[in-house]
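K.L.:
Below you'll find the structure I mean.
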Amino acid sequence: MNPSELRSTLALAGIFGLRMLGLFLLLPVFSIHARGLPGGEQALWVGLTLGIFNIVQACFHIPLGRLSDRIGRKPVVLWGLSLFIAGALISAAKDDLLWIAIGRGVMGAGAISAAVSAWVADLTREQVRTRAMALVGGSIALSFALSLVIAAPIYRVINLSGMFIVLAVFGVIAMFVTYYVLPSSHPEVQVQQASLKEVFFRPELMRLNVGVFVLNATQVAMFLVVPRLLVQAGLPLSSHWGIYLPVVLLSFVFMAPLLIFGEKKQQLRTTMLIAIVLLLIAEFLFTHSTSITSIAIALLVYFVGFNLLEALQPSLVSRFAKESKGTALGVYNTTQSIGLFAGAAVGGYLMDSHGDLSVFVTGAVLLGCWLIIAWSMGEMPAKATESKDVAA
């Protein structure tokens, strides 16, 4: 990537990562905090308070993504970040489940994932776009791992309300970066945009949407069980970050050569299939993992495949979508949010009714179906042979 592309990608990855902290940072501590709140003894209300972020996001990904195609990425991202800040402040104002849920819902309404991903595509050449998407996808994995490390210490010092204030400050910083650091990216008004129906039913995009649904549903379901496996193997919950953080960081080291191979040799389809196979292998390893070491190996294999797909799929969506990147990525991110919700719901049901291992077996079946669907893909979109101008 040239300096302009790298600067823009890092800025957008930072914005994406800070916003994802709003989703992840509460996970390790919220259920404990909620016990002292009215209604906190009911797991349903605690779960809805956490999950409303994703549910509301799913409703706004497509409208805001499509709007970013029409009026540009910057105003949509600034609007979304302002809602993120407002929601964080609402959640911080009262230590009450209802108000926290309202605040989380407002935060989710600022659904800028599609606009950010489309902005990355606008500001990078196709030759380097997958690497740029890898940086953005990496910010998600790092946000998840970082939240496991810092959530408990921060909570002990400033409590839950203080954590929401910190998120609001992060949102202000992200708005500053958006306004002053990132160049404007205007929609391609000279090209007729595709209709929502056309984008939704485009076969290449439908394959990728099925993929992101399976990817995120199996991820959430898997992480309902993995903490239990680690505890059963003798690792207390407070020490789990010592496994997650090194595994996530090491996974980037192993995924980089595969990503470079896919881009330089124009073998993105092959790389994508390898990533799905890695997820399948990880599900199999989990069914036979009883020690901390074997669980860590399974997690490493999983995150190599997961991070590859987090980079490859949005890049391919932007190529297939052409002039309607924001709309297509809105549909993609909506499917992702539905996958996160479905994974949590179905994973919990399977654990209660059929046991922990059934989650991995079901995940393997879904991944096998995805592999069959992905195998039928044709050649990836040809890369541009000429460098496209990007804003400095």
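Please note that chains go A, B, ... in the order of the structure tokens, that every chain numbers its residues from 1, and that ligands are numbered from 1 in the order shown.
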Contacts of A:Pro63 at 9 Å or less, counting only C-alpha atoms, minus same-chain residues fewer than 4 places along, as a list in words?
P.N.:
Cys59, Leu67, Ser68, Thr327 and Gly330 of chain A
K.L.:
Do you know which residues are at most 12 Å from A:Gly17 counting only C-alpha atoms, after dropping those on the same chain fewer than 6 positions away, and could you put them as a ChimeraX atom specification?
P.N.:
/A:9-11,23-25,112-113,116,135-147,167,170-171,174
K.L.:
What is the distance between atom CA of A:Arg104 and atom CA of A:Arg19, in Å to one decimal?
P.N.:
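One can read the atom CA of A:Arg104 to atom CA of A:Arg19 distance as 12.0 Å.
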K.L.:
Given only C-alpha atoms as the basis, pick out the residue of A:Ala256, A:Leu18, A:Ala86, A:Val46 nearest to A:Gly110.
P.N.:
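Distance minimum relative to A:Gly110 lands on A:Ala86.
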K.L.:
Just the residues within 9 Å of A:Val359, please, counting only C-alpha atoms, with nothing from its chain fewer than 3 positions along; format it as a PyMOL selection string.
P.N.:
chain A and resi 218+221-222+224-225+346-348+350-351+354-356+362-364
K.L.:
What would the file look like if the residues just selected were written as an mmCIF file, in the first residue's frame with N, CA, C and O atoms?
P.N.:
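Once written, result26.cif looks like this:
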data_model
loop_
_atom_site.group_PDB
_atom_site.id
_atom_site.type_symbol
_atom_site.label_atom_id
_atom_site.label_comp_id
_atom_site.auth_asym_id
_atom_site.auth_seq_id
_atom_site.Cartn_x
_atom_site.Cartn_y
_atom_site.Cartn_z
ATOM 1 N N THR A 218 -21.265 -19.723 13.775
ATOM 2 C CA THR A 218 -20.421 -20.762 14.374
ATOM 3 C C THR A 218 -19.418 -20.165 15.357
ATOM 4 O O THR A 218 -19.072 -20.801 16.351
ATOM 5 N N ALA A 221 -21.409 -19.389 18.673
ATOM 6 C CA ALA A 221 -21.760 -20.653 19.304
ATOM 7 C C ALA A 221 -20.525 -21.321 19.907
ATOM 8 O O ALA A 221 -20.572 -21.867 21.020
ATOM 9 N N MET A 222 -19.411 -21.272 19.188
ATOM 10 C CA MET A 222 -18.174 -21.875 19.671
ATOM 11 C C MET A 222 -17.708 -21.233 20.970
ATOM 12 O O MET A 222 -17.294 -21.911 21.914
ATOM 13 N N LEU A 224 -19.460 -19.942 23.234
ATOM 14 C CA LEU A 224 -20.278 -20.313 24.374
ATOM 15 C C LEU A 224 -19.689 -21.526 25.090
ATOM 16 O O LEU A 224 -19.870 -21.704 26.298
ATOM 17 N N VAL A 225 -18.950 -22.355 24.330
ATOM 18 C CA VAL A 225 -18.437 -23.615 24.861
ATOM 19 C C VAL A 225 -16.972 -23.531 25.258
ATOM 20 O O VAL A 225 -16.555 -24.108 26.280
ATOM 21 N N VAL A 346 -29.102 -20.486 18.883
ATOM 22 C CA VAL A 346 -29.048 -21.917 18.570
ATOM 23 C C VAL A 346 -27.968 -22.611 19.394
ATOM 24 O O VAL A 346 -28.167 -23.732 19.869
ATOM 25 N N GLY A 347 -26.832 -21.928 19.580
ATOM 26 C CA GLY A 347 -25.764 -22.518 20.393
ATOM 27 C C GLY A 347 -26.219 -22.781 21.813
ATOM 28 O O GLY A 347 -25.943 -23.849 22.388
ATOM 29 N N GLY A 348 -26.942 -21.829 22.403
ATOM 30 C CA GLY A 348 -27.458 -22.022 23.754
ATOM 31 C C GLY A 348 -28.448 -23.170 23.824
ATOM 32 O O GLY A 348 -28.431 -23.971 24.765
ATOM 33 N N LEU A 350 -28.583 -25.817 21.800
ATOM 34 C CA LEU A 350 -27.869 -27.083 21.629
ATOM 35 C C LEU A 350 -27.155 -27.500 22.909
ATOM 36 O O LEU A 350 -27.153 -28.677 23.282
ATOM 37 N N MET A 351 -26.548 -26.515 23.589
ATOM 38 C CA MET A 351 -25.856 -26.829 24.840
ATOM 39 C C MET A 351 -26.813 -27.385 25.880
ATOM 40 O O MET A 351 -26.498 -28.354 26.583
ATOM 41 N N HIS A 354 -28.532 -30.920 23.985
ATOM 42 C CA HIS A 354 -27.723 -32.021 23.454
ATOM 43 C C HIS A 354 -26.284 -32.036 23.970
ATOM 44 O O HIS A 354 -25.510 -32.901 23.560
ATOM 45 N N GLY A 355 -25.908 -31.088 24.778
ATOM 46 C CA GLY A 355 -24.559 -31.079 25.322
ATOM 47 C C GLY A 355 -23.595 -30.190 24.542
ATOM 48 O O GLY A 355 -23.863 -29.797 23.400
ATOM 49 N N ASP A 356 -22.465 -29.885 25.171
ATOM 50 C CA ASP A 356 -21.505 -28.941 24.598
ATOM 51 C C ASP A 356 -20.959 -29.383 23.242
ATOM 52 O O ASP A 356 -20.804 -28.573 22.319
ATOM 53 N N THR A 362 -22.542 -29.457 15.034
ATOM 54 C CA THR A 362 -23.433 -28.646 14.196
ATOM 55 C C THR A 362 -22.647 -27.605 13.413
ATOM 56 O O THR A 362 -22.904 -27.368 12.226
ATOM 57 N N GLY A 363 -21.659 -26.999 14.063
ATOM 58 C CA GLY A 363 -20.809 -26.038 13.370
ATOM 59 C C GLY A 363 -20.077 -26.676 12.206
ATOM 60 O O GLY A 363 -19.965 -26.081 11.123
ATOM 61 N N ALA A 364 -19.584 -27.897 12.401
ATOM 62 C CA ALA A 364 -18.882 -28.592 11.324
ATOM 63 C C ALA A 364 -19.809 -28.879 10.148
ATOM 64 O O ALA A 364 -19.409 -28.763 8.977
#
